[in-house]
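Peer 1: Here it is, the structure, as structure tokens.
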Amino acid sequence: MQTWTTRNGHTITQVLSGRCNCFLVRRGNARLLVDTGRTAAWGRLRTALALAGVAPGQNLDVVLTHTHFDHAENVASLKQTFRVTLLAHRLEAPLLASGAGPIPAGSVFLTHALMAAAGDRARNWFRYRPATVDIPVDGPTDLEDRGLGVRLVHTPGHTAGSISVIVDDDVALVGDAMVGVMPGAIFPPFGEDRARIVSSWAVLLETDCRLFLPAHGRACTRRTVERQHARYRGRFD
């Protein structure tokens, strides 16, 4: 499991990779899981949490960067196994409660055509067990009262309620606000609003973060994000 350490001593461990990268942020006894992965990865997630010292029945804060199925499918299992406090954006809390996250929208020609062809059938493909948000996020949210130097910021575009997790103003966990699959390219193949995706990169660059960890692919450097923002800025306005 790859681990990063921030300037003020938070550790960020990648506890799942593959279909969705999930991360565990720790400082002292405080722990925050960012995204939960697919049900097929539940066993791996539980094992990774155990190796990180999180035992069944213990407190665990969980934040969803958004409520697409690959990020939210394990929420219900986590709530059954740990004493979870769940945070997600208020715009997506009703979707999570119904077990029907937003339908992925294509942001490039190929994915747009794919989702258009799928039509209403896609709704059944992306359902999962519902869960209730304990702390709806609405605007910048500081988690110092939960023992972490973490700030949640609204970074819409991929979905209306997408949020990013800023750790120590040093490392950002960005969900699907960007991807790290192809070197030097970060534009996500799925997204509801392309202009807002690019605007959200500007929000992330307003932080002092040096590294951006996406849910798909590898870490993106600040320089890469700056170059991609300069390339796409104004393109979709």
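As shown in the structure tokens, the chain order sets the letters A, B, ...; within each chain, residues go from 1, and ligands are also counted from 1 in the order they appear.
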May I have the residues within 7 Å of stretch 19-21 of chain A as JSON, numbers by chain, using only C-alpha atoms and disregarding those fewer than 5 positions away in the same chain?

Peer 2: {"A": [14, 37, 70, 71, 215, 216]}

Peer 1: Just want the 9 Å neighbourhood of A:Gly28, counted on only C-alpha atoms, with same-chain residues fewer than 4 positions away dropped. Output as a ChimeraX atom specification.

Peer 2: /A:10,147-148

Peer 1: Skip A:Pro189 itself and residues of its chain fewer than 2 positions away, then list as a PDB file with N, CA and C atoms, in the first residue's frame all residues within 9 Å of it, counting only C-alpha atoms.

Peer 2:
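This is the output file around12.pdb:
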ATOM      1  N   ALA A 105     -22.092  10.774 -16.939  1.00  0.00           N
ATOM      2  CA  ALA A 105     -22.316  11.451 -18.213  1.00  0.00           C
ATOM      3  C   ALA A 105     -20.992  11.533 -18.975  1.00  0.00           C
ATOM      4  N   GLY A 106     -21.010  11.217 -20.273  1.00  0.00           N
ATOM      5  CA  GLY A 106     -19.791  11.276 -21.059  1.00  0.00           C
ATOM      6  C   GLY A 106     -19.345  12.702 -21.312  1.00  0.00           C
ATOM      7  N   SER A 107     -18.046  12.955 -21.154  1.00  0.00           N
ATOM      8  CA  SER A 107     -17.510  14.302 -21.365  1.00  0.00           C
ATOM      9  C   SER A 107     -16.663  14.399 -22.630  1.00  0.00           C
ATOM     10  N   VAL A 108     -16.434  13.258 -23.294  1.00  0.00           N
ATOM     11  CA  VAL A 108     -15.756  13.248 -24.592  1.00  0.00           C
ATOM     12  C   VAL A 108     -16.653  12.478 -25.565  1.00  0.00           C
ATOM     13  N   PHE A 109     -16.333  12.529 -26.850  1.00  0.00           N
ATOM     14  CA  PHE A 109     -17.242  11.984 -27.865  1.00  0.00           C
ATOM     15  C   PHE A 109     -17.584  10.511 -27.603  1.00  0.00           C
ATOM     16  N   LEU A 110     -16.564   9.691 -27.335  1.00  0.00           N
ATOM     17  CA  LEU A 110     -16.793   8.252 -27.195  1.00  0.00           C
ATOM     18  C   LEU A 110     -17.679   7.936 -26.000  1.00  0.00           C
ATOM     19  N   THR A 111     -17.375   8.515 -24.835  1.00  0.00           N
ATOM     20  CA  THR A 111     -18.165   8.207 -23.639  1.00  0.00           C
ATOM     21  C   THR A 111     -19.553   8.829 -23.720  1.00  0.00           C
ATOM     22  N   HIS A 112     -19.672   9.979 -24.367  1.00  0.00           N
ATOM     23  CA  HIS A 112     -20.993  10.591 -24.556  1.00  0.00           C
ATOM     24  C   HIS A 112     -21.881   9.685 -25.414  1.00  0.00           C
ATOM     25  N   VAL A 179      -8.198  12.784 -13.636  1.00  0.00           N
ATOM     26  CA  VAL A 179      -7.735  11.403 -13.693  1.00  0.00           C
ATOM     27  C   VAL A 179      -6.222  11.406 -13.923  1.00  0.00           C
ATOM     28  N   PHE A 187      -7.939  15.277 -17.947  1.00  0.00           N
ATOM     29  CA  PHE A 187      -9.368  15.526 -18.177  1.00  0.00           C
ATOM     30  C   PHE A 187     -10.145  14.214 -18.066  1.00  0.00           C
ATOM     31  N   GLY A 191     -18.254  13.249 -17.108  1.00  0.00           N
ATOM     32  CA  GLY A 191     -18.502  14.465 -16.356  1.00  0.00           C
ATOM     33  C   GLY A 191     -19.749  15.167 -16.846  1.00  0.00           C
TER      34      GLY A 191
END

Peer 1: Give me, as a list in words, all polymer residues having an atom no more than 9 Å from A:Thr207, counting only C-alpha atoms and skipping those fewer than 3 positions away in the same chain.

Peer 2: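 Using only C-alpha atoms, the neighbours found are Ile166, Asp169, Asp170, Ala172, Val203, Leu204 and Arg210 of chain A.
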
Peer 1: Excluding A:Thr13 and any residue of its chain fewer than 6 positions from it, enumerate the residues within 9 Å of it, using only C-alpha atoms, and give them as a compact mmCIF listing (two decimals) with N, CA and C atoms, in the first residue's frame.

Peer 2:
# COMPACT_ATOMS: atom_id res chain seq x y z
N MET A 1 0.85 -1.20 0.00
CA MET A 1 0.00 0.00 0.00
C MET A 1 0.88 1.25 0.00
N GLN A 2 0.69 2.11 -0.98
CA GLN A 2 1.48 3.32 -1.08
C GLN A 2 1.01 4.33 -0.04
N THR A 3 1.98 5.03 0.56
CA THR A 3 1.67 6.01 1.60
C THR A 3 2.41 7.31 1.34
N TRP A 4 1.71 8.42 1.55
CA TRP A 4 2.30 9.75 1.48
C TRP A 4 2.23 10.39 2.86
N THR A 5 3.18 11.26 3.18
CA THR A 5 3.17 12.00 4.44
C THR A 5 3.14 13.48 4.12
N CYS A 22 -9.00 4.31 -3.22
CA CYS A 22 -9.54 4.79 -1.96
C CYS A 22 -8.39 5.05 -1.01
N PHE A 23 -8.53 6.05 -0.16
CA PHE A 23 -7.42 6.49 0.67
C PHE A 23 -7.85 6.61 2.13
N LEU A 24 -6.92 6.28 3.03
CA LEU A 24 -7.14 6.44 4.46
C LEU A 24 -6.21 7.53 4.96
N VAL A 25 -6.80 8.61 5.49
CA VAL A 25 -6.04 9.73 6.06
C VAL A 25 -5.99 9.54 7.57
N ARG A 26 -4.77 9.67 8.16
CA ARG A 26 -4.64 9.47 9.59
C ARG A 26 -3.76 10.55 10.22
N ALA A 52 -4.23 -1.30 8.76
CA ALA A 52 -4.00 0.09 9.18
C ALA A 52 -4.45 0.33 10.62

Peer 1: Within 9 Å of A:Ala41, counting only C-alpha atoms, which residues show up once you throw out same-chain ones fewer than 5 positions away? Write them as a ChimeraX atom specification, please.

Peer 2: /A:16,19,36,46,74

Peer 1: Residues of chain A in helix (DSSP H, G or I) according to DSSP, as a PyMOL selection string?

Peer 2: chain A and resi 39-51+69-72+75-81+93-98+109-125+144-146+194-205+222-232

Peer 1: Between A:Ala93, A:Leu205, A:Val63, A:Ala72, which is the closest to A:Thr141 once you count only C-alpha atoms?

Peer 2: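 Distance minimum relative to A:Thr141 lands on A:Val63.
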
Peer 1: Write down as a ChimeraX atom specification the residues of stretch 9-232 of chain A whose backbone DSSP state falls under strand (DSSP E).

Peer 2: /A:11-16,22-27,30-34,59-63,83-89,135-137,141-142,150-154,163-167,171-175,211-214,220-221

Peer 1: Those selected residues, please, written with C-alpha atoms and delivered as a JSON list (two decimals), in the first residue's frame.

Peer 2:
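And here's result.json as it stands now:
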[["chain", "number", "residue", "atom", "x", "y", "z"],
["A", 11, "THR", "CA", -0.35, 9.96, 6.57],
["A", 12, "ILE", "CA", -2.36, 9.14, 3.46],
["A", 13, "THR", "CA", -2.46, 5.45, 2.57],
["A", 14, "GLN", "CA", -3.96, 4.09, -0.62],
["A", 15, "VAL", "CA", -6.08, 1.22, 0.71],
["A", 16, "LEU", "CA", -7.72, 0.27, -2.59],
["A", 22, "CYS", "CA", -9.54, 4.79, -1.96],
["A", 23, "PHE", "CA", -7.42, 6.49, 0.67],
["A", 24, "LEU", "CA", -7.14, 6.44, 4.46],
["A", 25, "VAL", "CA", -6.04, 9.73, 6.06],
["A", 26, "ARG", "CA", -4.64, 9.47, 9.59],
["A", 27, "ARG", "CA", -3.30, 11.75, 12.30],
["A", 30, "ALA", "CA", -8.22, 10.24, 13.92],
["A", 31, "ARG", "CA", -8.99, 8.41, 10.68],
["A", 32, "LEU", "CA", -10.82, 9.38, 7.51],
["A", 33, "LEU", "CA", -11.59, 6.99, 4.65],
["A", 34, "VAL", "CA", -12.02, 8.76, 1.31],
["A", 59, "ASN", "CA", -14.96, 4.80, 14.91],
["A", 60, "LEU", "CA", -14.30, 5.62, 11.29],
["A", 61, "ASP", "CA", -15.09, 8.83, 9.43],
["A", 62, "VAL", "CA", -15.90, 8.30, 5.75],
["A", 63, "VAL", "CA", -16.22, 10.95, 3.05],
["A", 83, "ARG", "CA", -19.06, 3.08, 13.79],
["A", 84, "VAL", "CA", -19.13, 5.24, 10.71],
["A", 85, "THR", "CA", -19.78, 8.95, 10.44],
["A", 86, "LEU", "CA", -20.50, 9.56, 6.76],
["A", 87, "LEU", "CA", -19.94, 12.87, 4.98],
["A", 88, "ALA", "CA", -21.05, 13.70, 1.44],
["A", 89, "HIS", "CA", -22.29, 16.78, -0.37],
["A", 135, "ILE", "CA", -22.99, 15.16, 7.94],
["A", 136, "PRO", "CA", -24.14, 16.84, 4.71],
["A", 137, "VAL", "CA", -21.42, 19.04, 3.25],
["A", 141, "THR", "CA", -15.97, 22.22, 5.68],
["A", 142, "ASP", "CA", -13.10, 22.02, 8.18],
["A", 150, "VAL", "CA", -8.50, 18.45, 6.52],
["A", 151, "ARG", "CA", -10.76, 20.75, 4.53],
["A", 152, "LEU", "CA", -13.54, 19.65, 2.18],
["A", 153, "VAL", "CA", -14.15, 21.88, -0.84],
["A", 154, "HIS", "CA", -16.86, 21.76, -3.49],
["A", 163, "ILE", "CA", -16.00, 17.42, -3.39],
["A", 164, "SER", "CA", -12.24, 17.24, -2.88],
["A", 165, "VAL", "CA", -10.38, 16.53, 0.35],
["A", 166, "ILE", "CA", -7.52, 18.95, 1.09],
["A", 167, "VAL", "CA", -5.04, 17.52, 3.60],
["A", 171, "VAL", "CA", -2.07, 16.93, -0.76],
["A", 172, "ALA", "CA", -5.54, 16.86, -2.35],
["A", 173, "LEU", "CA", -7.70, 13.76, -2.79],
["A", 174, "VAL", "CA", -9.79, 14.78, -5.78],
["A", 175, "GLY", "CA", -12.05, 11.86, -6.65],
["A", 211, "LEU", "CA", 0.13, 16.63, -5.25],
["A", 212, "PHE", "CA", -3.35, 15.62, -6.42],
["A", 213, "LEU", "CA", -4.46, 12.02, -5.89],
["A", 214, "PRO", "CA", -7.32, 10.98, -8.21],
["A", 220, "CYS", "CA", -0.89, 14.23, -10.60],
["A", 221, "THR", "CA", 1.74, 16.87, -9.88]]
